[in-house]
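File shown here: protein-v1.cif, holding mmCIF, C-alpha atoms.
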data_model
loop_
_atom_site.label_atom_id
_atom_site.label_comp_id
_atom_site.auth_asym_id
_atom_site.auth_seq_id
_atom_site.Cartn_x
_atom_site.Cartn_y
_atom_site.Cartn_z
CA MET Q 1 19.29 -144.39 -49.50
CA THR Q 2 19.61 -142.70 -52.90
CA LEU Q 3 16.28 -141.82 -54.48
CA ASP Q 4 15.43 -141.55 -58.15
CA GLU Q 5 14.81 -138.20 -59.84
CA LEU Q 6 11.00 -138.28 -59.65
CA SER Q 7 10.93 -139.16 -55.95
CA THR Q 8 13.46 -136.44 -55.27
CA ARG Q 9 11.35 -133.84 -57.09
CA TYR Q 10 8.21 -134.99 -55.26
CA ILE Q 11 9.86 -134.55 -51.86
CA THR Q 12 11.49 -131.24 -52.79
CA HIS Q 13 8.19 -129.75 -53.97
CA SER Q 14 6.51 -131.00 -50.78
CA PHE Q 15 8.98 -129.04 -48.67
CA GLU Q 16 8.55 -126.01 -50.92
CA LEU Q 17 4.83 -126.10 -50.10
CA GLU Q 18 5.66 -126.54 -46.41
CA GLN Q 19 7.40 -123.16 -46.52
CA HIS Q 20 4.05 -121.61 -47.46
CA ILE Q 21 1.75 -123.97 -45.48
CA GLU Q 22 3.15 -124.76 -42.06
CA GLY Q 23 2.25 -128.35 -41.19
CA PHE Q 24 1.76 -129.51 -44.79
CA VAL Q 25 4.57 -132.05 -44.30
CA ASP Q 26 3.35 -134.21 -41.44
CA ALA Q 27 6.37 -136.52 -41.24
CA TYR Q 28 9.63 -137.10 -43.07
CA PHE Q 29 12.25 -139.81 -42.68
CA GLY Q 30 14.03 -139.75 -46.03
CA PRO Q 31 17.43 -138.34 -47.04
CA PRO Q 32 18.05 -135.30 -44.78
CA GLU Q 33 19.51 -133.17 -47.54
CA LEU Q 34 16.17 -133.05 -49.39
CA GLN Q 35 14.67 -131.13 -46.46
CA ASN Q 36 16.93 -128.17 -46.96
CA VAL Q 37 15.00 -125.95 -49.35
CA ALA Q 38 17.09 -122.81 -49.63
CA SER Q 39 14.40 -120.18 -50.20
CA ALA Q 40 10.65 -119.94 -50.69
CA ARG Q 41 9.66 -119.97 -54.34
CA PRO Q 42 6.47 -118.33 -55.65
CA PRO Q 43 3.45 -120.69 -55.55
CA GLU Q 44 2.91 -120.14 -59.29
CA ALA Q 45 6.34 -121.61 -60.01
CA ILE Q 46 5.71 -124.58 -57.72
CA ALA Q 47 2.35 -125.27 -59.39
CA ALA Q 48 3.99 -125.20 -62.85
CA ASP Q 49 6.72 -127.59 -61.77
CA LEU Q 50 4.16 -129.94 -60.26
CA PHE Q 51 2.32 -130.00 -63.59
CA THR Q 52 5.58 -130.98 -65.29
CA LEU Q 53 6.25 -133.63 -62.64
CA ARG Q 54 2.82 -135.19 -63.25
CA ASP Q 55 3.69 -135.51 -66.94
CA SER Q 56 7.03 -137.08 -66.04
CA VAL Q 57 5.35 -139.61 -63.76
CA HIS Q 58 2.87 -140.56 -66.51
CA ALA Q 59 5.77 -141.10 -68.94
CA SER Q 60 7.86 -143.11 -66.46
CA ASP Q 61 8.28 -146.85 -66.22
CA TYR Q 62 6.76 -146.91 -62.73
CA PRO Q 63 4.19 -149.68 -62.06
CA PRO Q 64 0.63 -148.51 -62.88
CA ARG Q 65 -0.52 -148.37 -59.24
CA ARG Q 66 2.46 -146.25 -58.25
CA LYS Q 67 1.74 -143.83 -61.11
CA GLN Q 68 -1.93 -143.54 -60.15
CA TYR Q 69 -1.15 -142.97 -56.48
CA LEU Q 70 1.39 -140.27 -57.32
CA ASP Q 71 -0.97 -138.59 -59.75
CA ALA Q 72 -3.64 -138.25 -57.06
CA GLN Q 73 -1.09 -136.86 -54.60
CA LEU Q 74 0.38 -134.43 -57.15
CA ARG Q 75 -3.07 -133.19 -58.15
CA ALA Q 76 -3.66 -132.29 -54.50
CA MET Q 77 -0.27 -130.58 -54.24
CA GLN Q 78 -1.09 -128.56 -57.36
CA ALA Q 79 -4.40 -127.47 -55.82
CA ASN Q 80 -2.59 -126.29 -52.71
CA ALA Q 81 -0.13 -124.30 -54.83
CA ARG Q 82 -2.93 -122.83 -56.97
CA LYS Q 83 -4.75 -121.64 -53.84
CA LEU Q 84 -1.56 -120.06 -52.53
CA ALA Q 85 -1.16 -118.29 -55.87
CA GLY Q 86 -4.56 -116.67 -55.36
CA GLU Q 87 -6.67 -118.81 -57.68
CA ALA Q 88 -10.32 -118.91 -56.62
CA ILE Q 89 -11.30 -122.48 -55.80
CA SER Q 90 -14.70 -123.17 -54.27
CA TYR Q 91 -14.77 -124.96 -50.94
CA ARG Q 92 -16.32 -128.12 -52.41
CA ASP Q 93 -13.76 -128.19 -55.21
CA GLU Q 94 -11.04 -127.70 -52.61
CA VAL Q 95 -12.19 -130.85 -50.81
CA ARG Q 96 -12.46 -132.77 -54.09
CA LEU Q 97 -9.01 -131.76 -55.35
CA LEU Q 98 -7.18 -132.20 -52.07
CA PHE Q 99 -8.71 -135.49 -50.99
CA ASP Q 100 -10.07 -137.29 -54.07
CA ILE Q 101 -13.53 -137.50 -52.46
CA GLU Q 102 -16.92 -135.86 -52.85
CA PRO Q 103 -17.98 -133.70 -49.86
CA HIS Q 104 -21.56 -134.36 -48.79
CA HIS Q 105 -24.03 -132.49 -46.63
CA THR Q 106 -25.77 -134.87 -44.23
CA ALA Q 107 -29.50 -134.27 -43.83
CA GLU Q 108 -30.39 -132.97 -40.38
CA THR Q 109 -32.99 -135.73 -40.15
CA VAL Q 110 -30.09 -138.17 -39.68
CA PHE Q 111 -28.99 -136.23 -36.60
CA GLU Q 112 -32.55 -135.93 -35.34
CA GLU Q 113 -33.07 -139.69 -35.59
CA ALA Q 114 -29.80 -140.32 -33.74
CA ILE Q 115 -30.83 -137.85 -31.03
CA ALA Q 116 -34.20 -139.61 -30.72
CA GLU Q 117 -32.34 -142.90 -30.25
CA LEU Q 118 -30.14 -141.33 -27.60
CA ASP Q 119 -33.21 -139.91 -25.88
CA GLU Q 120 -34.35 -143.50 -25.30
CA LEU Q 121 -30.92 -144.83 -24.33
CA LEU Q 122 -29.64 -142.17 -21.94
CA PRO Q 123 -30.59 -142.49 -18.28
CA GLY Q 124 -32.72 -139.87 -16.55
CA ASN Q 125 -35.16 -137.23 -17.73
CA GLY Q 126 -34.84 -133.80 -19.25
CA PRO Q 127 -33.06 -132.40 -22.32
CA VAL Q 128 -31.00 -134.93 -24.26
CA ALA Q 129 -27.94 -132.65 -24.41
CA ALA Q 130 -27.86 -132.27 -20.62
CA ARG Q 131 -28.27 -136.02 -20.11
CA MET Q 132 -25.52 -136.70 -22.63
CA GLU Q 133 -23.18 -134.41 -20.71
CA THR Q 134 -24.06 -136.18 -17.45
CA TRP Q 135 -23.46 -139.53 -19.13
CA ARG Q 136 -20.04 -138.45 -20.37
CA GLN Q 137 -18.97 -137.02 -17.03
CA GLN Q 138 -19.12 -140.41 -15.34
CA PHE Q 139 -16.23 -141.57 -17.55
CA GLU Q 140 -13.88 -138.65 -16.86
CA ALA Q 141 -10.49 -139.73 -15.55
CA PRO Q 142 -7.63 -137.68 -14.05
CA SER Q 143 -4.40 -137.62 -16.08
CA GLN Q 144 -2.53 -140.06 -13.84
CA ILE Q 145 -5.28 -142.70 -14.07
CA ALA Q 146 -5.79 -142.00 -17.79
CA ARG Q 147 -2.11 -142.70 -18.40
CA GLN Q 148 -2.41 -146.12 -16.73
CA MET Q 149 -5.47 -146.86 -18.83
CA ILE Q 150 -3.70 -145.82 -22.02
CA GLU Q 151 -0.69 -148.01 -21.28
CA GLN Q 152 -2.87 -151.04 -20.68
CA ILE Q 153 -4.98 -150.43 -23.79
CA ALA Q 154 -1.86 -149.92 -25.91
CA ALA Q 155 -0.34 -153.20 -24.73
CA GLU Q 156 -3.51 -155.14 -25.54
CA ALA Q 157 -4.03 -153.37 -28.88
CA ARG Q 158 -0.43 -154.06 -29.88
CA THR Q 159 -0.80 -157.77 -29.06
CA ARG Q 160 -3.99 -158.02 -31.08
CA THR Q 161 -2.50 -156.07 -34.00
CA ALA Q 162 0.53 -158.36 -34.10
CA THR Q 163 -1.81 -161.31 -34.64
CA LEU Q 164 -3.38 -159.42 -37.56
CA ILE Q 165 -0.08 -158.47 -39.23
CA PRO Q 166 3.60 -158.73 -38.23
CA LEU Q 167 4.90 -155.42 -36.89
CA PRO Q 168 8.34 -154.01 -37.72
CA ALA Q 169 11.15 -154.85 -35.33
CA ASP Q 170 11.76 -152.35 -32.54
CA GLU Q 171 8.60 -150.36 -33.29
CA THR Q 172 7.45 -148.24 -30.38
CA VAL Q 173 4.87 -145.61 -29.40
CA SER Q 174 5.02 -143.09 -26.56
CA PHE Q 175 2.08 -141.07 -25.24
CA GLU Q 176 2.20 -137.48 -23.99
CA PHE Q 177 -0.39 -135.05 -22.62
CA VAL Q 178 -0.49 -131.58 -24.23
CA SER Q 179 -2.82 -128.57 -24.28
CA ASP Q 180 -3.98 -125.66 -26.44
CA LYS Q 181 -4.38 -127.69 -29.64
CA PRO Q 182 -7.22 -127.72 -32.21
CA TRP Q 183 -7.37 -131.54 -32.25
CA GLY Q 184 -8.07 -134.20 -29.60
CA GLY Q 185 -5.18 -136.56 -30.34
CA TYR Q 186 -2.30 -136.57 -32.81
CA ASN Q 187 0.23 -139.12 -34.01
CA TRP Q 188 3.64 -137.66 -34.73
CA TYR Q 189 5.40 -140.31 -36.78
CA LEU Q 190 9.16 -140.03 -36.14
CA GLY Q 191 10.44 -142.62 -38.60
CA ALA Q 192 12.18 -145.95 -37.96
CA ALA Q 193 8.87 -147.36 -36.69
CA ARG Q 194 8.63 -144.84 -33.83
CA SER Q 195 5.70 -142.57 -32.97
CA ARG Q 196 4.77 -140.05 -30.32
CA VAL Q 197 1.06 -139.66 -29.66
CA ASP Q 198 -0.03 -136.36 -28.12
CA ILE Q 199 -3.35 -136.27 -26.27
CA ASN Q 200 -4.97 -132.87 -25.82
CA THR Q 201 -6.18 -132.09 -22.31
CA ASP Q 202 -8.15 -128.96 -23.28
CA LEU Q 203 -11.24 -131.11 -22.86
CA PRO Q 204 -11.70 -133.78 -20.15
CA ILE Q 205 -10.16 -137.20 -20.81
CA ARG Q 206 -12.88 -139.85 -20.84
CA ALA Q 207 -12.18 -143.50 -20.18
CA ASP Q 208 -14.92 -144.66 -22.58
CA SER Q 209 -13.15 -143.01 -25.53
CA LEU Q 210 -9.58 -144.10 -24.79
CA LEU Q 211 -9.72 -147.47 -26.53
CA ASN Q 212 -10.79 -145.83 -29.78
CA LEU Q 213 -8.17 -143.11 -29.35
CA VAL Q 214 -5.29 -145.55 -28.79
CA CYS Q 215 -6.35 -147.81 -31.65
CA HIS Q 216 -6.84 -144.77 -33.90
CA GLU Q 217 -3.46 -143.20 -33.22
CA ALA Q 218 -1.34 -146.32 -32.59
CA TYR Q 219 -2.48 -149.94 -33.05
CA PRO Q 220 -3.61 -150.77 -35.71
CA GLY Q 221 -4.16 -147.16 -36.81
CA HIS Q 222 -1.75 -144.38 -37.75
CA HIS Q 223 1.44 -145.70 -36.15
CA THR Q 224 0.91 -149.18 -37.57
CA GLU Q 225 0.15 -147.91 -41.08
CA HIS Q 226 3.06 -145.46 -41.13
CA SER Q 227 5.63 -147.92 -39.81
CA LEU Q 228 4.57 -150.70 -42.20
CA LYS Q 229 4.52 -148.42 -45.24
CA GLU Q 230 7.90 -146.98 -44.32
CA GLN Q 231 9.34 -150.48 -44.12
CA GLN Q 232 7.63 -152.10 -47.10
CA LEU Q 233 7.25 -149.23 -49.57
CA TYR Q 234 10.20 -146.96 -48.78
CA VAL Q 235 12.93 -149.15 -47.27
CA GLU Q 236 12.26 -152.36 -49.22
CA ARG Q 237 11.00 -151.00 -52.57
CA GLY Q 238 12.80 -147.65 -52.53
CA TRP Q 239 9.65 -145.65 -53.36
CA GLY Q 240 10.70 -142.24 -52.06
CA GLU Q 241 7.19 -140.76 -52.00
CA HIS Q 242 6.57 -142.96 -48.96
CA ALA Q 243 9.43 -141.37 -47.03
CA ILE Q 244 7.19 -138.34 -46.54
CA GLN Q 245 3.64 -137.90 -45.27
CA LEU Q 246 1.46 -134.99 -46.33
CA ILE Q 247 -1.56 -133.30 -44.81
CA ASN Q 248 -4.24 -132.18 -47.29
CA ALA Q 249 -3.63 -134.98 -49.78
CA PRO Q 250 -5.56 -138.17 -50.68
CA GLU Q 251 -3.34 -140.33 -48.47
CA SER Q 252 -5.03 -138.65 -45.48
CA VAL Q 253 -8.42 -140.14 -46.38
CA ILE Q 254 -6.96 -143.64 -46.41
CA SER Q 255 -5.06 -143.01 -43.19
CA GLU Q 256 -8.10 -141.64 -41.33
CA GLY Q 257 -10.31 -144.40 -42.71
CA ILE Q 258 -7.88 -147.00 -41.36
CA ALA Q 259 -7.71 -145.20 -38.02
CA THR Q 260 -11.47 -144.79 -37.53
CA LEU Q 261 -11.97 -148.50 -38.25
CA ALA Q 262 -8.97 -149.66 -36.23
CA ALA Q 263 -10.68 -150.52 -32.94
CA ASP Q 264 -13.46 -152.43 -34.68
CA ILE Q 265 -10.94 -154.49 -36.66
CA ILE Q 266 -9.09 -155.86 -33.62
CA PHE Q 267 -11.76 -155.70 -30.88
CA GLY Q 268 -15.06 -155.98 -32.76
CA ASP Q 269 -18.14 -156.33 -30.60
CA GLU Q 270 -16.12 -157.15 -27.48
CA ALA Q 271 -14.57 -153.68 -27.21
CA LYS Q 272 -16.97 -152.44 -24.54
CA ILE Q 273 -16.93 -155.73 -22.63
CA TRP Q 274 -13.11 -155.70 -22.50
CA THR Q 275 -13.01 -152.03 -21.50
CA ASN Q 276 -15.54 -152.54 -18.71
CA ALA Q 277 -13.68 -155.57 -17.37
CA THR Q 278 -10.11 -154.28 -17.70
CA ILE Q 279 -9.93 -150.50 -17.97
CA TYR Q 280 -12.79 -149.01 -15.96
CA PRO Q 281 -11.75 -150.66 -12.66
CA LEU Q 282 -8.53 -148.58 -12.78
CA GLY Q 283 -10.66 -145.47 -12.29
CA GLY Q 284 -13.43 -146.98 -10.19
CA ILE Q 285 -15.89 -146.60 -13.09
CA MET Q 286 -18.98 -148.77 -13.40
CA GLY Q 287 -20.15 -149.14 -16.98
CA ASP Q 288 -22.90 -150.80 -18.99
CA PRO Q 289 -21.34 -152.44 -22.10
CA GLU Q 290 -24.55 -153.02 -24.04
CA ARG Q 291 -25.89 -149.50 -23.49
CA GLU Q 292 -22.49 -147.94 -24.19
CA GLN Q 293 -22.25 -149.78 -27.50
CA ARG Q 294 -25.68 -148.57 -28.60
CA ILE Q 295 -24.93 -145.02 -27.49
CA ASP Q 296 -21.63 -145.06 -29.39
CA LYS Q 297 -23.41 -146.27 -32.53
CA ALA Q 298 -25.92 -143.43 -32.32
CA ASN Q 299 -23.15 -140.94 -31.57
CA TRP Q 300 -21.23 -142.02 -34.67
CA LEU Q 301 -24.16 -140.79 -36.77
CA LEU Q 302 -23.48 -137.34 -35.33
CA ARG Q 303 -19.83 -137.37 -36.50
CA SER Q 304 -20.70 -136.07 -39.97
CA LEU Q 305 -22.07 -132.96 -38.27
CA SER Q 306 -18.59 -131.40 -38.42
CA GLY Q 307 -18.62 -131.62 -42.22
CA ASN Q 308 -21.97 -129.84 -42.27
CA ALA Q 309 -20.56 -127.18 -39.96
CA ALA Q 310 -17.58 -126.68 -42.27
CA LEU Q 311 -19.90 -126.27 -45.27
CA LEU Q 312 -21.94 -123.74 -43.32
CA LEU Q 313 -18.83 -121.78 -42.42
CA HIS Q 314 -16.82 -121.93 -45.63
CA GLU Q 315 -19.40 -122.42 -48.36
CA GLN Q 316 -22.43 -120.58 -47.04
CA GLY Q 317 -20.52 -117.93 -45.09
CA ALA Q 318 -22.45 -118.48 -41.86
CA ASP Q 319 -21.57 -116.47 -38.79
CA PRO Q 320 -19.17 -118.49 -36.57
CA GLU Q 321 -21.53 -118.01 -33.60
CA ASP Q 322 -24.35 -119.58 -35.61
CA VAL Q 323 -22.05 -122.49 -36.42
CA VAL Q 324 -21.35 -122.97 -32.70
CA GLN Q 325 -25.09 -123.09 -32.01
CA TYR Q 326 -25.58 -125.57 -34.86
CA ILE Q 327 -22.91 -127.88 -33.45
CA MET Q 328 -24.40 -127.64 -29.95
CA ARG Q 329 -27.92 -128.36 -31.20
CA TYR Q 330 -27.28 -131.32 -33.47
CA GLY Q 331 -24.06 -132.63 -31.91
CA LEU Q 332 -25.25 -132.62 -28.30
CA ARG Q 333 -22.01 -130.88 -27.36
CA THR Q 334 -21.29 -128.32 -24.69
CA GLU Q 335 -20.39 -124.81 -25.78
CA ARG Q 336 -16.77 -125.53 -24.88
CA GLU Q 337 -16.75 -128.63 -27.11
CA ALA Q 338 -18.53 -126.79 -29.93
CA ARG Q 339 -15.96 -123.99 -29.87
CA GLN Q 340 -13.15 -126.54 -29.97
CA SER Q 341 -14.78 -128.05 -33.07
CA LEU Q 342 -15.14 -124.59 -34.61
CA ARG Q 343 -11.47 -123.94 -33.93
CA PHE Q 344 -10.51 -127.07 -35.87
CA ILE Q 345 -12.62 -126.33 -38.96
CA SER Q 346 -11.50 -122.67 -38.90
CA THR Q 347 -7.79 -123.49 -38.92
CA PRO Q 348 -6.45 -123.10 -42.50
CA LEU Q 349 -4.57 -126.40 -42.42
CA TRP Q 350 -7.61 -128.35 -41.22
CA ARG Q 351 -10.60 -126.51 -42.74
CA SER Q 352 -11.23 -129.14 -45.41
CA TYR Q 353 -9.52 -132.05 -43.62
CA ILE Q 354 -12.63 -132.60 -41.50
CA PHE Q 355 -14.21 -134.69 -44.30
CA THR Q 356 -11.44 -137.30 -44.21
CA TYR Q 357 -12.77 -139.01 -41.07
CA THR Q 358 -16.33 -139.88 -42.09
CA ALA Q 359 -15.51 -140.20 -45.80
CA GLY Q 360 -12.56 -142.47 -45.04
CA ARG Q 361 -14.53 -144.69 -42.68
CA THR Q 362 -17.49 -144.97 -45.05
CA LEU Q 363 -15.37 -145.57 -48.15
CA LEU Q 364 -13.06 -148.18 -46.63
CA GLY Q 365 -15.85 -149.78 -44.61
CA ARG Q 366 -17.90 -150.51 -47.75
CA TRP Q 367 -14.92 -152.21 -49.38
CA LEU Q 368 -13.90 -154.17 -46.29
CA GLN Q 369 -17.35 -155.65 -45.75
CA ARG Q 370 -17.42 -157.12 -49.28
CA GLY Q 371 -14.50 -159.49 -48.68
CA ASP Q 372 -12.10 -160.89 -46.12
CA ARG Q 373 -11.93 -157.92 -43.72
CA ALA Q 374 -8.60 -158.87 -42.17
CA GLU Q 375 -6.89 -159.47 -45.50
CA ARG Q 376 -8.25 -156.26 -46.99
CA PHE Q 377 -7.23 -154.28 -43.92
CA ARG Q 378 -3.69 -155.64 -44.32
CA THR Q 379 -3.75 -154.36 -47.92
CA LEU Q 380 -4.72 -150.89 -46.70
CA LEU Q 381 -1.87 -150.95 -44.17
CA THR Q 382 0.82 -151.88 -46.67
CA GLU Q 383 -0.07 -150.77 -50.21
CA PRO Q 384 -0.26 -147.38 -51.98
CA ILE Q 385 -4.03 -146.82 -52.07
CA TYR Q 386 -6.03 -143.70 -52.93
CA PRO Q 387 -9.76 -142.98 -52.43
CA SER Q 388 -11.04 -143.18 -56.00
CA LEU Q 389 -9.32 -146.56 -56.40
CA ILE Q 390 -11.23 -147.96 -53.41
CA GLU Q 391 -14.42 -146.46 -54.83
CA GLN Q 392 -13.69 -148.10 -58.19
CA TRP Q 393 -13.04 -151.51 -56.61
CA THR Q 394 -16.24 -151.31 -54.57
CA LEU Q 395 -18.43 -150.27 -57.49
CA GLU Q 396 -16.99 -153.04 -59.68
CA GLU Q 397 -17.73 -155.63 -57.00
CA GLU Q 398 -21.25 -154.30 -56.53
CA ARG Q 399 -21.91 -154.42 -60.28
CA ASN Q 400 -20.51 -157.95 -60.53
CA CYS Q 401 -22.70 -159.01 -57.62
CA VAL Q 402 -25.82 -157.58 -59.28
CA GLY Q 403 -24.94 -159.19 -62.61
CA ALA Q 404 -24.23 -162.61 -61.11
#
Whole structure given in structure tokens:
Amino acid sequence: MTLDELSTRYITHSFELEQHIEGFVDAYFGPPELQNVASARPPEAIAADLFTLRDSVHASDYPPRRKQYLDAQLRAMQANARKLAGEAISYRDEVRLLFDIEPHHTAETVFEEAIAELDELLPGNGPVAARMETWRQQFEAPSQIARQMIEQIAAEARTRTATLIPLPADETVSFEFVSDKPWGGYNWYLGAARSRVDINTDLPIRADSLLNLVCHEAYPGHHTEHSLKEQQLYVERGWGEHAIQLINAPESVISEGIATLAADIIFGDEAKIWTNATIYPLGGIMGDPEREQRIDKANWLLRSLSGNAALLLHEQGADPEDVVQYIMRYGLRTEREARQSLRFISTPLWRSYIFTYTAGRTLLGRWLQRGDRAERFRTLLTEPIYPSLIEQWTLEEERNCVGA
């Protein structure tokens, strides 16, 4: 496929940034020749060219939504280049510029209330953190059993996703176990509706988290979104900016919001019932669907803890050991888990990315609940959307509702 000048420049500048930020380009399936950037250019020159490209996009005859999407992406690319050039950008401004969201500190009272809820829900007596660890251990599964569980979950999730939205022909996902990674699971989108999902075995694999993981990374999460947008936006419309996927850009907030909501969209309240009936018997696990669901709900309130930890580390300059203790105290995590979390938020590529999960889920969740959830989810899977647009739509609907 031959791309227009603006798409070509967008992709070329993305690969120029990749030469300075390894991992910035998460996936690419466009014209191969655009990948071949001859030599690394100074970040200052890249930033200047991105400024010019933004002006060119504004002056183009692109549809308004396409212009707005590209502007948000290019603003993030500029911020990356400015940081590389040595410009001082505060941590909060970094999050704002890269992801088109506002980073928030969550009051510790939220975590304390969730821990109090867990204190009532978890079996046994003694410290909540110790009981949480005991609770989690009952769901641990060896790799061979976990693989069987994953295959069965993926088959069911794919069937349910196909009833939500038609999937591209010949799409496929493979699952692999890896180690020594800062993340728990990762979707490597390979193009042509193919993905490889890597699952990190640095921490134990737990059967109670596998349904969310598979839905997040595959159906109807990352793999589904990437394959549909490749087909509908790149192949059918010829919009070259959708032949490449970037880390540390607004598209990540939408992608992680879709992924964190994925299991709820296709399984809803029956997720734990289905898992107990179908998946746990493979590992001889006896569960309690109602209690698991309530524990998961309380645990979700602890997810924003990682954003707080990142603010402590990067904004307040806290000692990393103090951050580990903070994560252990309010996240009910073992030291091993806390250090894995610290590793993620300390990695340059991921240090501000941590906000995309909770911000994405909250932002998209508010919009989904105000209309037909299935129809709106299909829009997220197939259209060029950016965070401030979702925020705008939601606020307009809320104002209209108040004024009605």
Run through the PyMOL selection byres ((chain Q and resi 227-241) around 8) on the given coordinates and return the selected residues as a list of chain:residue names. Q:Met1, Q:Leu3, Q:Asp4, Q:Ser7, Q:Thr8, Q:Tyr10, Q:Ile11, Q:Gly30, Q:Leu70, Q:Leu167, Q:Pro168, Q:Glu171, Q:Gly191, Q:Ala192, Q:Ala193, Q:Arg194, Q:His223, Q:Thr224, Q:Glu225, Q:His226, Q:His242, Q:Ala243, Q:Ile244, Q:Leu381, Q:Thr382, Q:Glu383
Take the residues from that selection and put them in a file with C-alpha atoms, as a tab-separated table (two decimals), in the frame of the given file.
chain	number	residue	atom	x	y	z
Q	1	MET	CA	19.29	-144.39	-49.50
Q	3	LEU	CA	16.28	-141.82	-54.48
Q	4	ASP	CA	15.43	-141.55	-58.15
Q	7	SER	CA	10.93	-139.16	-55.95
Q	8	THR	CA	13.46	-136.44	-55.27
Q	10	TYR	CA	8.21	-134.99	-55.26
Q	11	ILE	CA	9.86	-134.55	-51.86
Q	30	GLY	CA	14.03	-139.75	-46.03
Q	70	LEU	CA	1.39	-140.27	-57.32
Q	167	LEU	CA	4.90	-155.42	-36.89
Q	168	PRO	CA	8.34	-154.01	-37.72
Q	171	GLU	CA	8.60	-150.36	-33.29
Q	191	GLY	CA	10.44	-142.62	-38.60
Q	192	ALA	CA	12.18	-145.95	-37.96
Q	193	ALA	CA	8.87	-147.36	-36.69
Q	194	ARG	CA	8.63	-144.84	-33.83
Q	223	HIS	CA	1.44	-145.70	-36.15
Q	224	THR	CA	0.91	-149.18	-37.57
Q	225	GLU	CA	0.15	-147.91	-41.08
Q	226	HIS	CA	3.06	-145.46	-41.13
Q	242	HIS	CA	6.57	-142.96	-48.96
Q	243	ALA	CA	9.43	-141.37	-47.03
Q	244	ILE	CA	7.19	-138.34	-46.54
Q	381	LEU	CA	-1.87	-150.95	-44.17
Q	382	THR	CA	0.82	-151.88	-46.67
Q	383	GLU	CA	-0.07	-150.77	-50.21
Starting from the displayed file, determine the output of the PyMOL selection byres ((chain Q and resi 122-139) around 7) and express the residue list as an NGL selection string. :Q and (118-121 or 140-141 or 206-208 or 285 or 332-333)
Within 10 Å of segment 74-92 of chain Q: each segment 275-389 of chain Q residue with its shortest pair, only C-alpha atoms, as CSV:
residue,atom,partner,partner_atom,distance
Q:Ala310,CA,Q:Tyr91,CA,9.3
Q:Leu311,CA,Q:Tyr91,CA,7.8
Q:Leu313,CA,Q:Tyr91,CA,10.0
Q:His314,CA,Q:Tyr91,CA,6.4
Q:Glu315,CA,Q:Tyr91,CA,5.9
Q:Gln316,CA,Q:Tyr91,CA,9.6
Q:Arg351,CA,Q:Tyr91,CA,9.3
Q:Ser352,CA,Q:Tyr91,CA,7.8
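When all atoms listed in the file are used to compute distances to Thr161 of chain Q, the closest of the residues Q:Leu380, Q:Ile354, Q:Val95, Q:Ala374 turns out to be Q:Ala374.
The shortest atom-to-atom distance to Tyr69 of chain Q, with only C-alpha atoms taken into account, belongs to Q:Pro384 out of Q:Pro166, Q:Pro289, Q:Pro384, Q:Pro103.
If you count only C-alpha atoms and ignore residues fewer than 2 places along the chain from Ala263 of chain Q, what sits within 10 Å of it is Ala157, Thr161, Leu211, Asn212, Leu213, Val214, Cys215, His216, Tyr219, Pro220, Gly221, Ile258, Ala259, Thr260, Leu261, Ile265, Ile266, Phe267, Gly268, Asp269 and Ala271 of chain Q.
Using only C-alpha atoms for every distance, the candidate list Q:Asp264, Q:Ala359, Q:Ala169, Q:Thr275 yields Q:Asp264 as the residue closest to Arg373 of chain Q.
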Local residues around (-7.9, -126.4, -42.0), at most 12 Å away, using only C-alpha atoms, as JSON, numbers by chain: {"Q": [21, 22, 23, 24, 80, 91, 94, 95, 98, 182, 183, 247, 248, 307, 310, 313, 314, 341, 342, 343, 344, 345, 346, 347, 348, 349, 350, 351, 352, 353, 354, 355, 356]}
Please complete segment 89-97 of chain Q so it has N, CA and C atoms, and hand it over as a CSV table (one decimal), in the frame of the given file.
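Result file is rebuild_6.csv:
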chain,number,residue,atom,x,y,z
Q,89,ILE,N,-10.8,-121.1,-55.8
Q,89,ILE,CA,-11.3,-122.5,-55.8
Q,89,ILE,C,-12.4,-122.6,-54.8
Q,90,SER,N,-13.6,-123.0,-55.2
Q,90,SER,CA,-14.7,-123.2,-54.3
Q,90,SER,C,-14.4,-124.2,-53.2
Q,91,TYR,N,-15.1,-124.1,-52.1
Q,91,TYR,CA,-14.8,-125.0,-50.9
Q,91,TYR,C,-15.0,-126.4,-51.3
Q,92,ARG,N,-16.1,-126.7,-52.0
Q,92,ARG,CA,-16.3,-128.1,-52.4
Q,92,ARG,C,-15.2,-128.6,-53.4
Q,93,ASP,N,-14.8,-127.8,-54.3
Q,93,ASP,CA,-13.8,-128.2,-55.2
Q,93,ASP,C,-12.4,-128.4,-54.5
Q,94,GLU,N,-12.2,-127.5,-53.4
Q,94,GLU,CA,-11.0,-127.7,-52.6
Q,94,GLU,C,-11.0,-129.1,-52.0
Q,95,VAL,N,-12.1,-129.5,-51.4
Q,95,VAL,CA,-12.2,-130.8,-50.8
Q,95,VAL,C,-12.0,-131.9,-51.9
Q,96,ARG,N,-12.6,-131.8,-53.0
Q,96,ARG,CA,-12.5,-132.8,-54.1
Q,96,ARG,C,-11.0,-132.9,-54.6
Q,97,LEU,N,-10.4,-131.8,-54.8
Q,97,LEU,CA,-9.0,-131.8,-55.4
Q,97,LEU,C,-8.0,-132.2,-54.3
